[in-house]
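Trainee: Input file: protein_17.cif. Contents: mmCIF, N, CA and C atoms.
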```cif
data_entry
#
loop_
_atom_site.group_PDB
_atom_site.id
_atom_site.type_symbol
_atom_site.label_atom_id
_atom_site.label_comp_id
_atom_site.auth_asym_id
_atom_site.auth_seq_id
_atom_site.Cartn_x
_atom_site.Cartn_y
_atom_site.Cartn_z
ATOM 1 N N MET A 1 -4.893 -23.798 16.086
ATOM 2 C CA MET A 1 -3.471 -24.061 16.023
ATOM 3 C C MET A 1 -3.132 -25.125 17.064
ATOM 4 N N ALA A 2 -2.334 -26.094 16.685
ATOM 5 C CA ALA A 2 -1.949 -27.175 17.587
ATOM 6 C C ALA A 2 -1.076 -26.630 18.702
ATOM 7 N N GLU A 3 -1.089 -27.344 19.836
ATOM 8 C CA GLU A 3 -0.326 -26.892 21.001
ATOM 9 C C GLU A 3 1.163 -26.761 20.691
ATOM 10 N N ASP A 4 1.726 -27.718 19.948
ATOM 11 C CA ASP A 4 3.142 -27.637 19.591
ATOM 12 C C ASP A 4 3.441 -26.390 18.767
ATOM 13 N N GLN A 5 2.548 -26.053 17.852
ATOM 14 C CA GLN A 5 2.741 -24.864 17.029
ATOM 15 C C GLN A 5 2.640 -23.603 17.876
ATOM 16 N N THR A 6 1.713 -23.574 18.812
ATOM 17 C CA THR A 6 1.557 -22.429 19.700
ATOM 18 C C THR A 6 2.795 -22.255 20.563
ATOM 19 N N THR A 7 3.305 -23.365 21.111
ATOM 20 C CA THR A 7 4.511 -23.314 21.931
ATOM 21 C C THR A 7 5.693 -22.834 21.100
ATOM 22 N N ASP A 8 5.831 -23.377 19.891
ATOM 23 C CA ASP A 8 6.921 -22.963 19.013
ATOM 24 C C ASP A 8 6.831 -21.475 18.717
ATOM 25 N N LEU A 9 5.641 -20.975 18.423
ATOM 26 C CA LEU A 9 5.455 -19.560 18.132
ATOM 27 C C LEU A 9 5.776 -18.706 19.348
ATOM 28 N N SER A 10 5.336 -19.119 20.524
ATOM 29 C CA SER A 10 5.637 -18.339 21.725
ATOM 30 C C SER A 10 7.133 -18.349 22.018
ATOM 31 N N GLN A 11 7.803 -19.444 21.739
ATOM 32 C CA GLN A 11 9.258 -19.497 21.904
ATOM 33 C C GLN A 11 9.952 -18.573 20.907
ATOM 34 N N ARG A 12 9.446 -18.530 19.700
ATOM 35 C CA ARG A 12 10.012 -17.631 18.691
ATOM 36 C C ARG A 12 9.831 -16.174 19.094
ATOM 37 N N PHE A 13 8.669 -15.827 19.642
ATOM 38 C CA PHE A 13 8.452 -14.462 20.126
ATOM 39 C C PHE A 13 9.419 -14.142 21.265
ATOM 40 N N ALA A 14 9.586 -15.064 22.189
ATOM 41 C CA ALA A 14 10.501 -14.838 23.310
ATOM 42 C C ALA A 14 11.932 -14.664 22.818
ATOM 43 N N ARG A 15 12.338 -15.483 21.879
ATOM 44 C CA ARG A 15 13.696 -15.390 21.323
ATOM 45 C C ARG A 15 13.873 -14.068 20.569
ATOM 46 N N ALA A 16 12.869 -13.667 19.805
ATOM 47 C CA ALA A 16 12.937 -12.408 19.069
ATOM 48 C C ALA A 16 13.023 -11.222 20.025
ATOM 49 N N LYS A 17 12.262 -11.263 21.103
ATOM 50 C CA LYS A 17 12.327 -10.174 22.093
ATOM 51 C C LYS A 17 13.717 -10.088 22.695
ATOM 52 N N PHE A 18 14.281 -11.220 23.073
ATOM 53 C CA PHE A 18 15.620 -11.223 23.644
ATOM 54 C C PHE A 18 16.628 -10.655 22.643
ATOM 55 N N ARG A 19 16.567 -11.123 21.411
ATOM 56 C CA ARG A 19 17.508 -10.651 20.388
ATOM 57 C C ARG A 19 17.321 -9.159 20.109
ATOM 58 N N ALA A 20 16.080 -8.677 20.179
ATOM 59 C CA ALA A 20 15.803 -7.262 19.928
ATOM 60 C C ALA A 20 16.412 -6.374 21.012
ATOM 61 N N TRP A 21 16.388 -6.841 22.247
ATOM 62 C CA TRP A 21 16.870 -6.031 23.370
ATOM 63 C C TRP A 21 18.334 -6.282 23.719
ATOM 64 N N HIS A 22 19.005 -7.143 22.986
ATOM 65 C CA HIS A 22 20.413 -7.451 23.272
ATOM 66 C C HIS A 22 21.231 -7.379 21.997
ATOM 67 N N ARG A 23 21.251 -6.209 21.388
ATOM 68 C CA ARG A 23 21.933 -6.013 20.114
ATOM 69 C C ARG A 23 23.414 -5.682 20.302
ATOM 70 N N GLY A 24 23.775 -5.084 21.415
ATOM 71 C CA GLY A 24 25.179 -4.749 21.646
ATOM 72 C C GLY A 24 25.432 -3.267 21.812
ATOM 73 N N THR A 25 24.508 -2.437 21.333
ATOM 74 C CA THR A 25 24.609 -0.995 21.577
ATOM 75 C C THR A 25 23.257 -0.511 22.084
ATOM 76 N N ARG A 26 23.306 0.504 22.894
ATOM 77 C CA ARG A 26 22.067 1.035 23.471
ATOM 78 C C ARG A 26 21.127 1.543 22.384
ATOM 79 N N GLU A 27 21.688 2.221 21.374
ATOM 80 C CA GLU A 27 20.864 2.769 20.296
ATOM 81 C C GLU A 27 20.109 1.661 19.557
ATOM 82 N N ALA A 28 20.818 0.590 19.235
ATOM 83 C CA ALA A 28 20.179 -0.527 18.533
ATOM 84 C C ALA A 28 19.176 -1.232 19.442
ATOM 85 N N ASP A 29 19.511 -1.387 20.715
ATOM 86 C CA ASP A 29 18.572 -2.003 21.657
ATOM 87 C C ASP A 29 17.255 -1.235 21.684
ATOM 88 N N TYR A 30 17.347 0.093 21.751
ATOM 89 C CA TYR A 30 16.126 0.897 21.782
ATOM 90 C C TYR A 30 15.351 0.798 20.471
ATOM 91 N N MET A 31 16.050 0.839 19.354
ATOM 92 C CA MET A 31 15.347 0.788 18.082
ATOM 93 C C MET A 31 14.653 -0.558 17.893
ATOM 94 N N PHE A 32 15.387 -1.652 18.026
ATOM 95 C CA PHE A 32 14.811 -2.978 17.827
ATOM 96 C C PHE A 32 13.856 -3.354 18.966
ATOM 97 N N GLY A 33 14.296 -3.125 20.202
ATOM 98 C CA GLY A 33 13.497 -3.535 21.357
ATOM 99 C C GLY A 33 12.185 -2.784 21.479
ATOM 100 N N CYS A 34 12.242 -1.479 21.316
ATOM 101 C CA CYS A 34 11.010 -0.692 21.407
ATOM 102 C C CYS A 34 10.069 -1.006 20.244
ATOM 103 N N TYR A 35 10.636 -1.262 19.067
ATOM 104 C CA TYR A 35 9.802 -1.663 17.933
ATOM 105 C C TYR A 35 9.079 -2.966 18.265
ATOM 106 N N PHE A 36 9.825 -3.946 18.779
ATOM 107 C CA PHE A 36 9.213 -5.215 19.160
ATOM 108 C C PHE A 36 8.118 -4.993 20.199
ATOM 109 N N ASP A 37 8.435 -4.279 21.269
ATOM 110 C CA ASP A 37 7.467 -4.065 22.348
ATOM 111 C C ASP A 37 6.209 -3.369 21.858
ATOM 112 N N THR A 38 6.353 -2.443 20.938
ATOM 113 C CA THR A 38 5.215 -1.673 20.444
ATOM 114 C C THR A 38 4.311 -2.479 19.516
ATOM 115 N N TYR A 39 4.891 -3.302 18.664
ATOM 116 C CA TYR A 39 4.117 -3.917 17.591
ATOM 117 C C TYR A 39 3.871 -5.416 17.697
ATOM 118 N N HIS A 40 4.616 -6.151 18.482
ATOM 119 C CA HIS A 40 4.544 -7.618 18.406
ATOM 120 C C HIS A 40 3.182 -8.213 18.749
ATOM 121 N N ALA A 41 2.409 -7.555 19.568
ATOM 122 C CA ALA A 41 1.109 -8.114 19.979
ATOM 123 C C ALA A 41 0.165 -8.315 18.787
ATOM 124 N N ASP A 42 0.366 -7.564 17.726
ATOM 125 C CA ASP A 42 -0.504 -7.670 16.546
ATOM 126 C C ASP A 42 0.076 -8.549 15.447
ATOM 127 N N TRP A 43 1.244 -9.136 15.669
ATOM 128 C CA TRP A 43 1.906 -9.905 14.618
ATOM 129 C C TRP A 43 1.356 -11.309 14.483
ATOM 130 N N ASP A 44 1.244 -11.734 13.242
ATOM 131 C CA ASP A 44 0.988 -13.137 12.941
ATOM 132 C C ASP A 44 2.339 -13.793 12.642
ATOM 133 N N GLU A 45 2.318 -15.032 12.201
ATOM 134 C CA GLU A 45 3.566 -15.749 11.957
ATOM 135 C C GLU A 45 4.399 -15.077 10.870
ATOM 136 N N ALA A 46 3.762 -14.556 9.836
ATOM 137 C CA ALA A 46 4.483 -13.893 8.745
ATOM 138 C C ALA A 46 5.174 -12.614 9.217
ATOM 139 N N ALA A 47 4.490 -11.847 10.047
ATOM 140 C CA ALA A 47 5.089 -10.617 10.570
ATOM 141 C C ALA A 47 6.265 -10.942 11.500
ATOM 142 N N LEU A 48 6.112 -11.982 12.299
ATOM 143 C CA LEU A 48 7.214 -12.413 13.160
ATOM 144 C C LEU A 48 8.396 -12.870 12.308
ATOM 145 N N ALA A 49 8.133 -13.606 11.245
ATOM 146 C CA ALA A 49 9.208 -14.068 10.357
ATOM 147 C C ALA A 49 9.942 -12.878 9.741
ATOM 148 N N TRP A 50 9.212 -11.832 9.385
ATOM 149 C CA TRP A 50 9.844 -10.620 8.851
ATOM 150 C C TRP A 50 10.779 -10.019 9.890
ATOM 151 N N PHE A 51 10.307 -9.923 11.131
ATOM 152 C CA PHE A 51 11.135 -9.336 12.187
ATOM 153 C C PHE A 51 12.351 -10.208 12.476
ATOM 154 N N GLU A 52 12.174 -11.515 12.476
ATOM 155 C CA GLU A 52 13.313 -12.420 12.673
ATOM 156 C C GLU A 52 14.352 -12.212 11.572
ATOM 157 N N ALA A 53 13.883 -12.012 10.344
ATOM 158 C CA ALA A 53 14.811 -11.746 9.239
ATOM 159 C C ALA A 53 15.521 -10.413 9.451
ATOM 160 N N LEU A 54 14.790 -9.411 9.933
ATOM 161 C CA LEU A 54 15.382 -8.103 10.221
ATOM 162 C C LEU A 54 16.503 -8.234 11.245
ATOM 163 N N LEU A 55 16.281 -9.062 12.258
ATOM 164 C CA LEU A 55 17.281 -9.253 13.309
ATOM 165 C C LEU A 55 18.574 -9.868 12.791
ATOM 166 N N ASP A 56 18.516 -10.503 11.639
ATOM 167 C CA ASP A 56 19.713 -11.120 11.065
ATOM 168 C C ASP A 56 20.605 -10.124 10.325
ATOM 169 N N PHE A 57 20.090 -8.936 10.058
ATOM 170 C CA PHE A 57 20.888 -7.911 9.389
ATOM 171 C C PHE A 57 21.758 -7.170 10.402
ATOM 172 N N ASP A 58 22.822 -6.545 9.907
ATOM 173 C CA ASP A 58 23.676 -5.730 10.760
ATOM 174 C C ASP A 58 22.909 -4.499 11.233
ATOM 175 N N ASP A 59 23.147 -4.115 12.471
ATOM 176 C CA ASP A 59 22.458 -2.965 13.056
ATOM 177 C C ASP A 59 22.643 -1.695 12.226
ATOM 178 N N VAL A 60 23.862 -1.458 11.761
ATOM 179 C CA VAL A 60 24.115 -0.228 10.998
ATOM 180 C C VAL A 60 23.292 -0.192 9.715
ATOM 181 N N ASP A 61 23.074 -1.336 9.091
ATOM 182 C CA ASP A 61 22.254 -1.373 7.886
ATOM 183 C C ASP A 61 20.799 -1.047 8.211
ATOM 184 N N VAL A 62 20.274 -1.681 9.252
ATOM 185 C CA VAL A 62 18.872 -1.446 9.632
ATOM 186 C C VAL A 62 18.676 0.002 10.061
ATOM 187 N N MET A 63 19.628 0.548 10.795
ATOM 188 C CA MET A 63 19.511 1.949 11.208
ATOM 189 C C MET A 63 19.527 2.873 9.994
ATOM 190 N N ALA A 64 20.327 2.559 8.999
ATOM 191 C CA ALA A 64 20.352 3.367 7.765
ATOM 192 C C ALA A 64 19.002 3.290 7.056
ATOM 193 N N TRP A 65 18.380 2.121 7.072
ATOM 194 C CA TRP A 65 17.056 1.988 6.460
ATOM 195 C C TRP A 65 16.024 2.787 7.249
ATOM 196 N N ALA A 66 16.109 2.688 8.577
ATOM 197 C CA ALA A 66 15.140 3.378 9.432
ATOM 198 C C ALA A 66 15.231 4.890 9.272
ATOM 199 N N MET A 67 16.450 5.394 9.071
ATOM 200 C CA MET A 67 16.648 6.838 8.910
ATOM 201 C C MET A 67 16.601 7.260 7.445
ATOM 202 N N GLU A 68 16.235 6.309 6.582
ATOM 203 C CA GLU A 68 16.092 6.531 5.143
ATOM 204 C C GLU A 68 17.359 7.076 4.491
ATOM 205 N N ARG A 69 18.500 6.629 4.987
ATOM 206 C CA ARG A 69 19.784 6.965 4.370
ATOM 207 C C ARG A 69 20.168 5.919 3.326
ATOM 208 N N ASP A 70 19.485 4.786 3.356
ATOM 209 C CA ASP A 70 19.720 3.706 2.408
ATOM 210 C C ASP A 70 18.406 2.955 2.222
ATOM 211 N N LYS A 71 18.287 2.252 1.111
ATOM 212 C CA LYS A 71 17.072 1.480 0.836
ATOM 213 C C LYS A 71 17.261 0.044 1.302
ATOM 214 N N PRO A 72 16.255 -0.500 1.969
ATOM 215 C CA PRO A 72 16.335 -1.913 2.354
ATOM 216 C C PRO A 72 16.151 -2.813 1.136
ATOM 217 N N PRO A 73 16.558 -4.066 1.252
ATOM 218 C CA PRO A 73 16.298 -5.006 0.157
ATOM 219 C C PRO A 73 14.792 -5.090 -0.104
ATOM 220 N N GLN A 74 14.453 -5.430 -1.307
ATOM 221 C CA GLN A 74 13.045 -5.483 -1.727
ATOM 222 C C GLN A 74 12.193 -6.328 -0.776
ATOM 223 N N HIS A 75 12.706 -7.492 -0.366
ATOM 224 C CA HIS A 75 11.907 -8.391 0.472
ATOM 225 C C HIS A 75 11.694 -7.860 1.892
ATOM 226 N N MET A 76 12.381 -6.788 2.260
ATOM 227 C CA MET A 76 12.198 -6.203 3.590
ATOM 228 C C MET A 76 11.319 -4.949 3.543
ATOM 229 N N GLN A 77 10.946 -4.513 2.358
ATOM 230 C CA GLN A 77 10.109 -3.326 2.227
ATOM 231 C C GLN A 77 8.648 -3.680 2.499
ATOM 232 N N GLY A 78 7.873 -2.687 2.894
ATOM 233 C CA GLY A 78 6.452 -2.885 3.142
ATOM 234 C C GLY A 78 5.998 -2.159 4.391
ATOM 235 N N ALA A 79 4.844 -2.550 4.898
ATOM 236 C CA ALA A 79 4.221 -1.854 6.029
ATOM 237 C C ALA A 79 5.075 -1.907 7.296
ATOM 238 N N GLN A 80 5.720 -3.043 7.556
ATOM 239 C CA GLN A 80 6.541 -3.123 8.769
ATOM 240 C C GLN A 80 7.764 -2.218 8.666
ATOM 241 N N MET A 81 8.364 -2.145 7.491
ATOM 242 C CA MET A 81 9.495 -1.235 7.313
ATOM 243 C C MET A 81 9.024 0.208 7.435
ATOM 244 N N ASP A 82 7.845 0.513 6.905
ATOM 245 C CA ASP A 82 7.293 1.860 7.034
ATOM 246 C C ASP A 82 7.119 2.226 8.505
ATOM 247 N N ALA A 83 6.634 1.288 9.310
ATOM 248 C CA ALA A 83 6.468 1.533 10.747
ATOM 249 C C ALA A 83 7.825 1.711 11.416
ATOM 250 N N LEU A 84 8.812 0.926 11.006
ATOM 251 C CA LEU A 84 10.158 1.048 11.564
ATOM 252 C C LEU A 84 10.723 2.437 11.288
ATOM 253 N N ARG A 85 10.462 2.955 10.114
ATOM 254 C CA ARG A 85 11.009 4.258 9.710
ATOM 255 C C ARG A 85 10.405 5.428 10.476
ATOM 256 N N LYS A 86 9.256 5.255 11.067
ATOM 257 C CA LYS A 86 8.624 6.360 11.810
ATOM 258 C C LYS A 86 9.419 6.708 13.065
ATOM 259 N N LEU A 87 10.053 5.715 13.657
ATOM 260 C CA LEU A 87 10.861 5.880 14.875
ATOM 261 C C LEU A 87 10.078 6.472 16.045
ATOM 262 N N ASP A 88 8.750 6.544 15.937
ATOM 263 C CA ASP A 88 7.931 7.104 17.007
ATOM 264 C C ASP A 88 7.670 6.103 18.141
ATOM 265 N N TYR A 89 8.126 4.898 17.993
ATOM 266 C CA TYR A 89 7.953 3.854 18.985
ATOM 267 C C TYR A 89 9.083 3.820 20.010
ATOM 268 N N VAL A 90 10.158 4.567 19.751
ATOM 269 C CA VAL A 90 11.315 4.549 20.649
ATOM 270 C C VAL A 90 10.986 5.331 21.910
ATOM 271 N N ARG A 91 11.056 4.647 23.032
ATOM 272 C CA ARG A 91 10.785 5.265 24.336
ATOM 273 C C ARG A 91 12.058 5.179 25.175
ATOM 274 N N ILE A 92 12.634 6.321 25.475
ATOM 275 C CA ILE A 92 13.874 6.331 26.249
ATOM 276 C C ILE A 92 13.612 6.940 27.618
#
```
Let me see the file written as structure tokens.
Mentor:
Amino acid sequence: MAEDQTTDLSQRFARAKFRAWHRGTREADYMFGCYFDTYHADWDEAALAWFEALLDFDDVDVMAWAMERDKPPQHMQGAQMDALRKLDYVRI
């Protein structure tokens, strides 16, 4: 991977971490932030793009998906959503 691409990816990870931990409510911060902290080390660019897309949704919608009170859109379903639904990554 070229240096510019590596720098861009590391900047995207840093931005995603900040956005995950600064949602506006403590509950959302823990859900998004702890998920990021637990899983990001294993993410490739596609997994990061999925998380960036998740961050664009309203917190209440994502929380409803995580608690299985509502179904996420088709493009957000898959292994990462399954991991989000476990909620075992939240450390308070």
Trainee: Name the residues captured by the PyMOL selection byres ((chain A and resi 11-21) around 8) when it is applied to the shown file; answer as a list in words.
Mentor: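 Taken over the shown coordinates, the PyMOL selection byres ((chain A and resi 11-21) around 8) returns Gln5, Thr6, Thr7, Asp8, Leu9, Ser10, His22, Arg23, Gly24, Thr25, Ala28, Asp29, Tyr30, Met31, Phe32, Gly33, Cys34, Tyr35, Phe36, Asp37, Leu48, Phe51, Glu52 and Leu55 of chain A.
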Trainee: Could you tell me how far atom CA of A:Arg26 sits from atom CA of A:Ala47, in Å to one decimal place?
Mentor: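 Result for atom CA of A:Ala47 versus atom CA of A:Arg26: 24.3 Å, one decimal.
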Trainee: Tell me, in Å to one decimal, how far atom CA of A:Glu27 is from atom CA of A:Asp58.
Mentor: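 Taking atom CA of A:Glu27 as the start and atom CA of A:Asp58 as the end point, the length is 13.1 Å.
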Trainee: Carefully work through the PyMOL selection byres (((chain A and resi 72 and name CA) around 12) and name CA) for this structure and note down the residues it includes, as number ranges by chain.
Mentor: A: 54, 57-58, 60-71, 73-78, 80-82, 84-85
